>>> print(open('upload-v8.pdb').read())   # PDB, C-alpha atoms
MODEL        1
ATOM      1  CA  MET A  33       0.000   0.000   0.000
ATOM      2  CA  LYS A  34       1.207   3.457  -0.891
ATOM      3  CA  ASN A  35       2.682   5.384   2.051
ATOM      4  CA  ILE A  36       0.508   8.343   3.002
ATOM      5  CA  GLU A  37       1.421  11.136   5.408
ATOM      6  CA  ALA A  38      -2.093  12.066   6.596
ATOM      7  CA  TYR A  39      -5.209   9.916   6.964
ATOM      8  CA  LEU A  40      -8.512  11.806   7.214
ATOM      9  CA  TYR A  41     -11.762  10.172   8.320
ATOM     10  CA  GLY A  42     -15.080  11.981   8.168
ATOM     11  CA  MET A  43     -17.488  13.857   5.919
ATOM     12  CA  VAL A  44     -16.736  13.949   2.195
ATOM     13  CA  LEU A  45     -19.419  15.338  -0.091
ATOM     14  CA  GLY A  46     -20.260  17.572  -3.021
ATOM     15  CA  THR A  47     -20.989  21.190  -2.109
ATOM     16  CA  HIS A  48     -23.135  23.498  -4.222
ATOM     17  CA  SER A  49     -22.066  27.006  -3.187
ATOM     18  CA  PHE A  50     -23.736  30.283  -4.144
ATOM     19  CA  LEU A  51     -21.999  33.607  -3.553
ATOM     20  CA  LEU A  52     -24.558  36.428  -3.656
ATOM     21  CA  MET A  53     -23.984  39.774  -5.342
ATOM     22  CA  ASP A  54     -25.291  41.930  -2.508
ATOM     23  CA  ASP A  55     -26.796  41.439   0.951
ATOM     24  CA  PHE A  56     -27.893  38.108   2.379
ATOM     25  CA  LEU A  57     -31.284  36.579   1.568
ATOM     26  CA  LYS A  58     -34.381  38.430   2.737
ATOM     27  CA  PRO A  59     -37.968  37.154   2.613
ATOM     28  CA  ASP A  60     -39.751  38.063  -0.642
ATOM     29  CA  VAL A  61     -36.713  40.012  -1.940
ATOM     30  CA  TYR A  62     -34.834  38.980  -5.096
ATOM     31  CA  SER A  63     -31.124  38.093  -4.740
ATOM     32  CA  GLU A  64     -28.598  37.970  -7.572
ATOM     33  CA  ILE A  65     -26.123  35.073  -7.652
ATOM     34  CA  LYS A  66     -22.630  36.374  -8.377
ATOM     35  CA  GLU A  67     -20.818  33.015  -8.529
ATOM     36  CA  GLN A  68     -21.835  29.399  -8.087
ATOM     37  CA  TYR A  69     -19.865  26.144  -8.016
ATOM     38  CA  PHE A  70     -20.155  22.409  -7.424
ATOM     39  CA  LEU A  71     -16.944  21.287  -5.731
ATOM     40  CA  PRO A  72     -15.664  18.788  -3.141
ATOM     41  CA  GLY A  73     -16.663  19.733   0.398
ATOM     42  CA  GLY A  74     -17.341  18.440   3.888
ATOM     43  CA  GLU A  75     -14.986  18.758   6.837
ATOM     44  CA  THR A  76     -12.747  15.971   5.549
ATOM     45  CA  GLY A  77     -13.028  16.778   1.857
ATOM     46  CA  THR A  78     -12.071  20.414   2.367
ATOM     47  CA  ALA A  79      -9.224  19.555   4.748
ATOM     48  CA  ALA A  80      -7.838  17.090   2.199
ATOM     49  CA  THR A  81      -7.811  19.782  -0.496
ATOM     50  CA  VAL A  82      -5.985  22.217   1.774
ATOM     51  CA  LEU A  83      -3.422  19.692   3.009
ATOM     52  CA  GLU A  84      -2.631  18.599  -0.534
ATOM     53  CA  SER A  85      -2.063  22.233  -1.463
ATOM     54  CA  LEU A  86       0.372  22.493   1.470
ATOM     55  CA  GLY A  87       2.358  19.569   0.057
ATOM     56  CA  VAL A  88       0.986  16.713   2.199
ATOM     57  CA  SER A  89      -0.011  13.334   0.755
ATOM     58  CA  VAL A  90      -3.504  12.397   1.950
ATOM     59  CA  ARG A  91      -5.861   9.420   2.079
ATOM     60  CA  ILE A  92      -9.540  10.092   2.811
ATOM     61  CA  ASP A  93     -12.308   7.816   4.012
ATOM     62  CA  GLY A  94     -15.788   8.232   5.445
ATOM     63  CA  THR A  95     -18.950   9.137   3.573
ATOM     64  CA  TRP A  96     -20.178   6.801   0.836
ATOM     65  CA  ILE A  97     -19.830   8.516  -2.535
ATOM     66  CA  GLY A  98     -22.816   8.448  -4.928
ATOM     67  CA  LYS A  99     -22.963   8.692  -8.702
ATOM     68  CA  GLU A 100     -23.449  12.471  -8.836
ATOM     69  CA  VAL A 101     -20.524  13.153  -6.494
ATOM     70  CA  ALA A 102     -18.117  10.450  -7.720
ATOM     71  CA  PRO A 103     -17.190  12.069 -11.080
ATOM     72  CA  LEU A 104     -16.637  15.378  -9.288
ATOM     73  CA  LEU A 105     -14.200  13.851  -6.783
ATOM     74  CA  ARG A 106     -12.378  11.717  -9.332
ATOM     75  CA  ASN A 107     -11.892  14.604 -11.737
ATOM     76  CA  PHE A 108     -10.956  17.115  -9.068
ATOM     77  CA  TYR A 109      -8.337  14.913  -7.396
ATOM     78  CA  ALA A 110      -7.065  13.206 -10.574
ATOM     79  CA  GLU A 111      -3.813  15.191 -10.623
ATOM     80  CA  LYS A 112      -3.594  15.712  -6.857
ATOM     81  CA  ASN A 113      -1.906  13.661  -4.149
ATOM     82  CA  VAL A 114      -5.202  12.623  -2.540
ATOM     83  CA  ASP A 115      -5.908   8.885  -2.420
ATOM     84  CA  LEU A 116      -9.594   7.973  -2.872
ATOM     85  CA  SER A 117      -9.079   4.191  -2.895
ATOM     86  CA  SER A 118     -10.590   3.621   0.561
ATOM     87  CA  LEU A 119     -13.910   5.295  -0.318
ATOM     88  CA  LYS A 120     -17.034   3.292  -1.156
ATOM     89  CA  PHE A 121     -18.876   4.256  -4.341
ATOM     90  CA  THR A 122     -22.632   3.642  -4.574
ATOM     91  CA  ASP A 123     -25.457   3.867  -7.124
ATOM     92  CA  ASP A 124     -27.477   6.586  -5.374
ATOM     93  CA  ALA A 125     -27.004  10.319  -6.014
ATOM     94  CA  GLY A 126     -24.649  10.794  -3.080
ATOM     95  CA  VAL A 127     -24.393  13.224  -0.173
ATOM     96  CA  MET A 128     -24.500  16.907  -1.112
ATOM     97  CA  ASP A 129     -25.110  20.205   0.602
ATOM     98  CA  TYR A 130     -26.049  23.683  -0.578
ATOM     99  CA  VAL A 131     -24.519  26.841   0.876
ATOM    100  CA  VAL A 132     -25.619  30.454   0.361
ATOM    101  CA  ILE A 133     -22.858  32.968   1.140
ATOM    102  CA  THR A 134     -22.364  36.687   1.543
ATOM    103  CA  GLY A 135     -19.007  37.553   3.134
ATOM    104  CA  ILE A 136     -19.039  36.629   6.822
ATOM    105  CA  VAL A 137     -22.590  35.248   6.615
ATOM    106  CA  ARG A 138     -23.450  31.831   5.237
ATOM    107  CA  THR A 139     -26.286  29.320   5.547
ATOM    108  CA  PRO A 140     -25.745  25.623   4.728
ATOM    109  CA  MET A 141     -28.682  23.452   3.718
ATOM    110  CA  GLY A 142     -29.023  19.734   3.212
ATOM    111  CA  HIS A 143     -30.683  16.498   4.274
ATOM    112  CA  PHE A 144     -28.400  15.538   7.141
ATOM    113  CA  GLN A 145     -31.056  15.291   9.867
ATOM    114  CA  LYS A 146     -32.940  12.828   7.680
ATOM    115  CA  LEU A 147     -29.773  10.926   6.838
ATOM    116  CA  PHE A 148     -28.589  10.606  10.442
ATOM    117  CA  SER A 149     -32.064   9.632  11.681
ATOM    118  CA  SER A 150     -32.612   7.020   8.949
ATOM    119  CA  GLY A 151     -31.051   4.244  11.024
ATOM    120  CA  LYS A 152     -28.874   3.326   8.064
ATOM    121  CA  GLN A 153     -25.103   3.628   7.860
ATOM    122  CA  TRP A 154     -23.932   5.732   4.909
ATOM    123  CA  TRP A 155     -20.242   5.810   5.729
ATOM    124  CA  ASN A 156     -17.359   3.331   5.846
ATOM    125  CA  ASP A 157     -15.869   1.535   8.802
ATOM    126  CA  PRO A 158     -12.278   2.802   9.192
ATOM    127  CA  LYS A 159      -9.631   0.384   7.919
ATOM    128  CA  GLU A 160      -6.784  -0.462  10.270
ATOM    129  CA  GLU A 161      -4.268  -0.741   7.432
ATOM    130  CA  ASP A 162      -4.986   2.872   6.407
ATOM    131  CA  ILE A 163      -4.207   4.165   9.869
ATOM    132  CA  VAL A 164      -1.110   2.002  10.363
ATOM    133  CA  GLY A 165       0.295   3.390   7.137
ATOM    134  CA  CYS A 166       0.058   7.107   7.983
ATOM    135  CA  ARG A 167       2.057   9.510  10.155
ATOM    136  CA  VAL A 168      -0.788  11.670  11.473
ATOM    137  CA  ALA A 169      -4.575  11.514  11.252
ATOM    138  CA  ALA A 170      -7.690  13.635  11.551
ATOM    139  CA  VAL A 171     -10.844  12.011  12.907
ATOM    140  CA  ASP A 172     -14.165  13.822  12.818
ATOM    141  CA  PRO A 173     -16.604  12.684  15.548
ATOM    142  CA  TYR A 174     -19.849  12.528  13.568
ATOM    143  CA  PHE A 175     -20.050   8.839  12.644
ATOM    144  CA  GLY A 176     -20.701   7.306  16.058
ATOM    145  CA  GLU A 177     -19.034   3.974  16.763
ATOM    146  CA  GLN A 178     -17.065   4.106  13.537
ATOM    147  CA  SER A 179     -15.489   7.460  14.424
ATOM    148  CA  ILE A 180     -14.602   6.132  17.878
ATOM    149  CA  LYS A 181     -13.064   3.065  16.244
ATOM    150  CA  ALA A 182     -10.894   5.293  14.039
ATOM    151  CA  ALA A 183      -9.674   7.178  17.118
ATOM    152  CA  GLU A 184      -9.065   3.912  18.975
ATOM    153  CA  LEU A 185      -7.011   2.567  16.072
ATOM    154  CA  CYS A 186      -4.920   5.731  16.130
ATOM    155  CA  VAL A 187      -4.265   5.228  19.844
ATOM    156  CA  LYS A 188      -3.508   1.533  19.342
ATOM    157  CA  HIS A 189      -0.851   2.268  16.729
ATOM    158  CA  GLY A 190       0.536   5.453  18.248
ATOM    159  CA  ILE A 191      -0.724   7.719  15.460
ATOM    160  CA  PRO A 192      -1.406  11.261  16.754
ATOM    161  CA  TYR A 193      -4.734  12.658  15.576
ATOM    162  CA  VAL A 194      -6.584  15.945  15.317
ATOM    163  CA  THR A 195     -10.298  16.098  16.064
ATOM    164  CA  ILE A 196     -12.896  18.856  16.125
ATOM    165  CA  ASP A 197     -15.803  19.987  18.309
ATOM    166  CA  SER A 198     -15.446  17.137  20.817
ATOM    167  CA  LYS A 199     -16.628  17.565  24.419
ATOM    168  CA  HIS A 200     -14.315  17.404  27.416
ATOM    169  CA  ASP A 201     -15.538  13.975  28.532
ATOM    170  CA  SER A 202     -15.377  12.307  25.108
ATOM    171  CA  TYR A 203     -12.891   9.656  24.000
ATOM    172  CA  PHE A 204     -11.969  11.880  21.061
ATOM    173  CA  HIS A 205     -10.911  14.772  23.272
ATOM    174  CA  LYS A 206      -9.132  12.754  25.935
ATOM    175  CA  HIS A 207      -6.877  10.986  23.418
ATOM    176  CA  ALA A 208      -6.448  13.643  20.717
ATOM    177  CA  ALA A 209      -3.165  15.357  20.012
ATOM    178  CA  ILE A 210      -5.252  18.435  19.137
ATOM    179  CA  ASN A 211      -8.955  19.197  19.588
ATOM    180  CA  VAL A 212     -10.209  22.307  17.774
ATOM    181  CA  VAL A 213     -13.504  23.531  19.261
ATOM    182  CA  SER A 214     -15.485  26.204  17.442
ATOM    183  CA  LYS A 215     -17.537  28.945  19.046
ATOM    184  CA  GLU A 216     -20.654  27.440  17.479
ATOM    185  CA  CYS A 217     -19.917  24.142  19.201
ATOM    186  CA  TYR A 218     -19.151  25.302  22.727
ATOM    187  CA  SER A 219     -21.917  27.906  22.656
ATOM    188  CA  GLU A 220     -24.339  25.038  22.078
ATOM    189  CA  LYS A 221     -22.808  22.317  24.247
ATOM    190  CA  TYR A 222     -21.794  24.635  27.110
ATOM    191  CA  ALA A 223     -24.506  27.250  26.680
ATOM    192  CA  ASP A 224     -24.174  28.939  30.071
ATOM    193  CA  GLU A 225     -20.382  28.862  30.349
ATOM    194  CA  SER A 226     -17.757  31.390  29.291
ATOM    195  CA  ALA A 227     -15.015  30.446  26.845
ATOM    196  CA  GLU A 228     -12.475  30.589  29.687
ATOM    197  CA  THR A 229     -14.537  28.193  31.823
ATOM    198  CA  VAL A 230     -14.887  25.762  28.928
ATOM    199  CA  MET A 231     -11.143  25.937  28.269
ATOM    200  CA  LYS A 232     -10.256  25.126  31.866
ATOM    201  CA  LEU A 233     -12.678  22.206  31.856
ATOM    202  CA  MET A 234     -11.254  20.801  28.641
ATOM    203  CA  MET A 235      -7.587  21.356  29.442
ATOM    204  CA  GLN A 236      -7.770  19.278  32.615
ATOM    205  CA  GLU A 237      -9.158  16.251  30.734
ATOM    206  CA  THR A 238      -6.334  15.680  28.238
ATOM    207  CA  ASP A 239      -2.600  15.840  27.713
ATOM    208  CA  GLY A 240      -3.274  17.124  24.199
ATOM    209  CA  LEU A 241      -3.651  20.673  22.925
ATOM    210  CA  THR A 242      -7.087  22.299  23.144
ATOM    211  CA  ILE A 243      -7.893  25.237  20.848
ATOM    212  CA  LEU A 244     -11.071  27.308  21.085
ATOM    213  CA  THR A 245     -11.769  29.426  18.030
ATOM    214  CA  GLN A 246     -14.175  32.364  18.150
ATOM    215  CA  GLY A 247     -14.624  33.426  14.538
ATOM    216  CA  GLY A 248     -13.023  36.842  14.262
ATOM    217  CA  GLY A 249     -12.415  36.915  18.006
ATOM    218  CA  GLU A 250      -9.423  35.899  20.076
ATOM    219  CA  MET A 251      -8.405  32.232  20.031
ATOM    220  CA  LEU A 252      -7.735  30.429  23.321
ATOM    221  CA  TYR A 253      -5.363  27.483  23.575
ATOM    222  CA  GLY A 254      -3.507  25.445  26.171
ATOM    223  CA  ARG A 255      -2.756  22.150  27.878
ATOM    224  CA  ARG A 256      -3.276  20.534  31.263
ATOM    225  CA  GLY A 257      -1.411  22.394  34.005
ATOM    226  CA  GLU A 258      -0.868  25.539  31.916
ATOM    227  CA  GLU A 259      -2.379  28.976  31.898
ATOM    228  CA  ILE A 260      -4.737  29.763  29.047
ATOM    229  CA  HIS A 261      -2.881  31.288  26.104
ATOM    230  CA  ARG A 262      -4.461  33.763  23.682
ATOM    231  CA  MET A 263      -3.874  34.762  20.093
ATOM    232  CA  LYS A 264      -5.670  37.132  17.760
ATOM    233  CA  PRO A 265      -6.594  35.883  14.277
ATOM    234  CA  PHE A 266      -5.018  37.483  11.226
ATOM    235  CA  ASP A 267      -6.587  40.647   9.905
ATOM    236  CA  VAL A 268      -7.812  39.857   6.378
ATOM    237  CA  THR A 269     -10.613  40.971   4.093
ATOM    238  CA  VAL A 270     -13.326  38.301   4.278
ATOM    239  CA  ARG A 271     -14.828  37.118   1.021
ATOM    240  CA  SER A 272     -16.368  33.864   2.264
ATOM    241  CA  THR A 273     -16.143  31.952   5.543
ATOM    242  CA  LEU A 274     -17.070  28.642   3.908
ATOM    243  CA  GLY A 275     -14.386  26.101   4.859
ATOM    244  CA  ALA A 276     -12.663  28.312   7.440
ATOM    245  CA  GLY A 277     -12.863  25.751  10.241
ATOM    246  CA  ASP A 278     -11.937  22.847   7.975
ATOM    247  CA  THR A 279      -8.872  24.789   6.816
ATOM    248  CA  PHE A 280      -7.904  25.529  10.432
ATOM    249  CA  LYS A 281      -8.083  21.789  11.128
ATOM    250  CA  ALA A 282      -5.895  21.090   8.088
ATOM    251  CA  GLY A 283      -3.372  23.612   9.393
ATOM    252  CA  CYS A 284      -3.264  21.753  12.704
ATOM    253  CA  VAL A 285      -2.641  18.460  10.904
ATOM    254  CA  TYR A 286       0.238  20.050   8.985
ATOM    255  CA  ALA A 287       1.679  21.503  12.196
ATOM    256  CA  LEU A 288       1.416  18.141  13.965
ATOM    257  CA  LEU A 289       3.125  16.430  11.056
ATOM    258  CA  ASN A 290       6.001  18.905  11.225
ATOM    259  CA  GLY A 291       6.491  19.022  15.005
ATOM    260  CA  TYR A 292       5.398  22.616  15.574
ATOM    261  CA  SER A 293       5.129  24.079  19.077
ATOM    262  CA  ASP A 294       1.665  24.949  20.380
ATOM    263  CA  GLU A 295       2.104  28.632  19.580
ATOM    264  CA  GLU A 296       3.425  27.838  16.098
ATOM    265  CA  THR A 297       0.529  25.436  15.544
ATOM    266  CA  VAL A 298      -2.170  27.966  16.384
ATOM    267  CA  ARG A 299      -0.479  30.701  14.364
ATOM    268  CA  PHE A 300       0.005  28.455  11.327
ATOM    269  CA  ALA A 301      -3.571  27.132  11.420
ATOM    270  CA  SER A 302      -4.926  30.643  11.848
ATOM    271  CA  ALA A 303      -2.894  31.862   8.873
ATOM    272  CA  CYS A 304      -4.231  29.013   6.739
ATOM    273  CA  SER A 305      -7.771  29.925   7.741
ATOM    274  CA  GLY A 306      -7.125  33.621   7.178
ATOM    275  CA  ILE A 307      -6.052  32.991   3.594
ATOM    276  CA  ALA A 308      -9.020  30.675   3.045
ATOM    277  CA  ILE A 309     -11.636  33.247   4.025
ATOM    278  CA  SER A 310     -10.060  35.907   1.819
ATOM    279  CA  ARG A 311     -10.995  34.024  -1.372
ATOM    280  CA  PHE A 312     -13.782  32.093  -3.069
ATOM    281  CA  PRO A 313     -14.218  29.308  -3.939
ATOM    282  CA  LEU A 314     -11.755  27.726  -1.525
ATOM    283  CA  PRO A 315     -11.318  24.348  -3.303
ATOM    284  CA  LEU A 316     -10.077  26.139  -6.434
ATOM    285  CA  ASN A 317      -7.895  28.532  -4.417
ATOM    286  CA  PRO A 318      -6.564  26.666  -1.350
ATOM    287  CA  PRO A 319      -3.758  28.281   0.642
ATOM    288  CA  ARG A 320      -0.247  27.396  -0.487
ATOM    289  CA  LEU A 321       2.622  26.941   1.942
ATOM    290  CA  ASP A 322       4.509  29.978   0.661
ATOM    291  CA  GLU A 323       1.391  32.149   1.126
ATOM    292  CA  VAL A 324       0.878  30.943   4.682
ATOM    293  CA  LYS A 325       4.493  31.579   5.624
ATOM    294  CA  ALA A 326       4.383  35.025   4.008
ATOM    295  CA  LEU A 327       1.253  36.010   5.929
ATOM    296  CA  ILE A 328       2.870  34.925   9.206
ATOM    297  CA  GLU A 329       6.156  36.719   8.477
ATOM    298  CA  ASN A 330       4.429  39.919   7.378
ATOM    299  CA  SER A 331       2.324  39.984  10.542
ATOM    300  CA  LEU A 332       5.126  39.534  13.091
TER     301      LEU A 332
ENDMDL
END
>>> encode(input="upload-v8.pdb", output="structure tokens")
Amino acid sequence: MKNIEAYLYGMVLGTHSFLLMDDFLKPDVYSEIKEQYFLPGGETGTAATVLESLGVSVRIDGTWIGKEVAPLLRNFYAEKNVDLSSLKFTDDAGVMDYVVITGIVRTPMGHFQKLFSSGKQWWNDPKEEDIVGCRVAAVDPYFGEQSIKAAELCVKHGIPYVTIDSKHDSYFHKHAAINVVSKECYSEKYADESAETVMKLMMQETDGLTILTQGGGEMLYGRRGEEIHRMKPFDVTVRSTLGAGDTFKAGCVYALLNGYSDEETVRFASACSGIAISRFPLPLNPPRLDEVKALIENSL
């Protein structure tokens, strides 16, 4: 089996994105579409695109890929160092979402509540040989027992992994090298708690790095036994926030792969995300390593 640097397990789908000309949608008011695309998406799909652009070889697994999404993925990744061989291809249309965007505002739409409540599995079991053959991994927590199995296999074989939006008492968080928690996540799961309180709770439950992102606000990060560290995101002109969090996760995977310190990790991931939100569509314009380094150097 081909040696792969990063194994990513999670949501891979086709995303229909619509960038509006003017303000966001209003009831009974016409809106002009400025640009629209059908491109690879999902937390894992987007992260794979970004990591490949940064020079990392990637294997992805997770969502079953239907006949409307399969040609998109195969064509898009044909000349890229992203291995699709672990994916399962099916005869249905496939998983897709639809996102309406105006600058810092976006609304995703889809059928995910119906899919998750169907009682049917529409994603792969992780394969042990994929995880054994990588150097770092990213495991998204959305696929129940199968996501836990992927994390357990990483632990079994000593493969450090990045996860996202996992609670303090979860297996994912306790064993992750890095857990990136978004403001949307902790505002929902810890509704009455401040970001600082959530950070303290999470830091004491793991030896890994916890990062709380707050959109355009200050990021918090730290480990067990430390004080909470803070870092401001990069000041960029926002064109679209679609894929910002997925790009931040990809930046963390790259940093983990290259042995970055905690401060370097947060700064690098933030720079990746900053470049991502300054352009649209992200899959056709992912951040390159030279751009990320230049943004960091020019901001010091």
>>> residues_around(input="upload-v8.pdb", residues="Trp155 of chain A", least_positions_apart="3", cutoff="12 Å", atoms="all atoms listed in the file", output="ChimeraX atom specification")
/A:41-45,92-98,118-122,126-127,147-148,152,158,174-179
>>> write_last_selection(input="upload-v8.pdb", atoms="C-alpha atoms", output="compact mmCIF listing (two decimals), in the coordinates of the input")
# COMPACT_ATOMS: atom_id res chain seq x y z
CA TYR A 41 -11.76 10.17 8.32
CA GLY A 42 -15.08 11.98 8.17
CA MET A 43 -17.49 13.86 5.92
CA VAL A 44 -16.74 13.95 2.19
CA LEU A 45 -19.42 15.34 -0.09
CA ILE A 92 -9.54 10.09 2.81
CA ASP A 93 -12.31 7.82 4.01
CA GLY A 94 -15.79 8.23 5.44
CA THR A 95 -18.95 9.14 3.57
CA TRP A 96 -20.18 6.80 0.84
CA ILE A 97 -19.83 8.52 -2.54
CA GLY A 98 -22.82 8.45 -4.93
CA SER A 118 -10.59 3.62 0.56
CA LEU A 119 -13.91 5.30 -0.32
CA LYS A 120 -17.03 3.29 -1.16
CA PHE A 121 -18.88 4.26 -4.34
CA THR A 122 -22.63 3.64 -4.57
CA GLY A 126 -24.65 10.79 -3.08
CA VAL A 127 -24.39 13.22 -0.17
CA LEU A 147 -29.77 10.93 6.84
CA PHE A 148 -28.59 10.61 10.44
CA LYS A 152 -28.87 3.33 8.06
CA PRO A 158 -12.28 2.80 9.19
CA TYR A 174 -19.85 12.53 13.57
CA PHE A 175 -20.05 8.84 12.64
CA GLY A 176 -20.70 7.31 16.06
CA GLU A 177 -19.03 3.97 16.76
CA GLN A 178 -17.07 4.11 13.54
CA SER A 179 -15.49 7.46 14.42
>>> residues_near_point(input="upload-v8.pdb", point="(-15.1, 4.8, 21.2)", cutoff="12 Å", atoms="only C-alpha atoms", output="number ranges by chain")
A: 171, 173-187, 201-207
>>> atom_distance(input="upload-v8.pdb", atom1="atom CA of Pro319 of chain A", atom2="atom CA of Ala282 of chain A")
10.6 Å
>>> resolve_selection(input="upload-v8.pdb", expression="the PyMOL selection byres ((chain A and resi 264) around 6)", output="PDB file with C-alpha atoms, in the frame of the given file")
ATOM      1  CA  GLU A 250      -9.423  35.899  20.076  1.00  0.00           C
ATOM      2  CA  MET A 263      -3.874  34.762  20.093  1.00  0.00           C
ATOM      3  CA  PRO A 265      -6.594  35.883  14.277  1.00  0.00           C
TER       4      PRO A 265
END
>>> atom_distance(input="upload-v8.pdb", atom1="atom CA of Ala38 of chain A", atom2="atom CA of Ala170 of chain A")
7.6 Å
>>> resolve_selection(input="upload-v8.pdb", expression="the PyMOL selection byres ((chain A and resi 243-249) around 8)", output="MDAnalysis selection string")
chainID A and resid 210:215 227 231 241:242 250:254 264:265 298
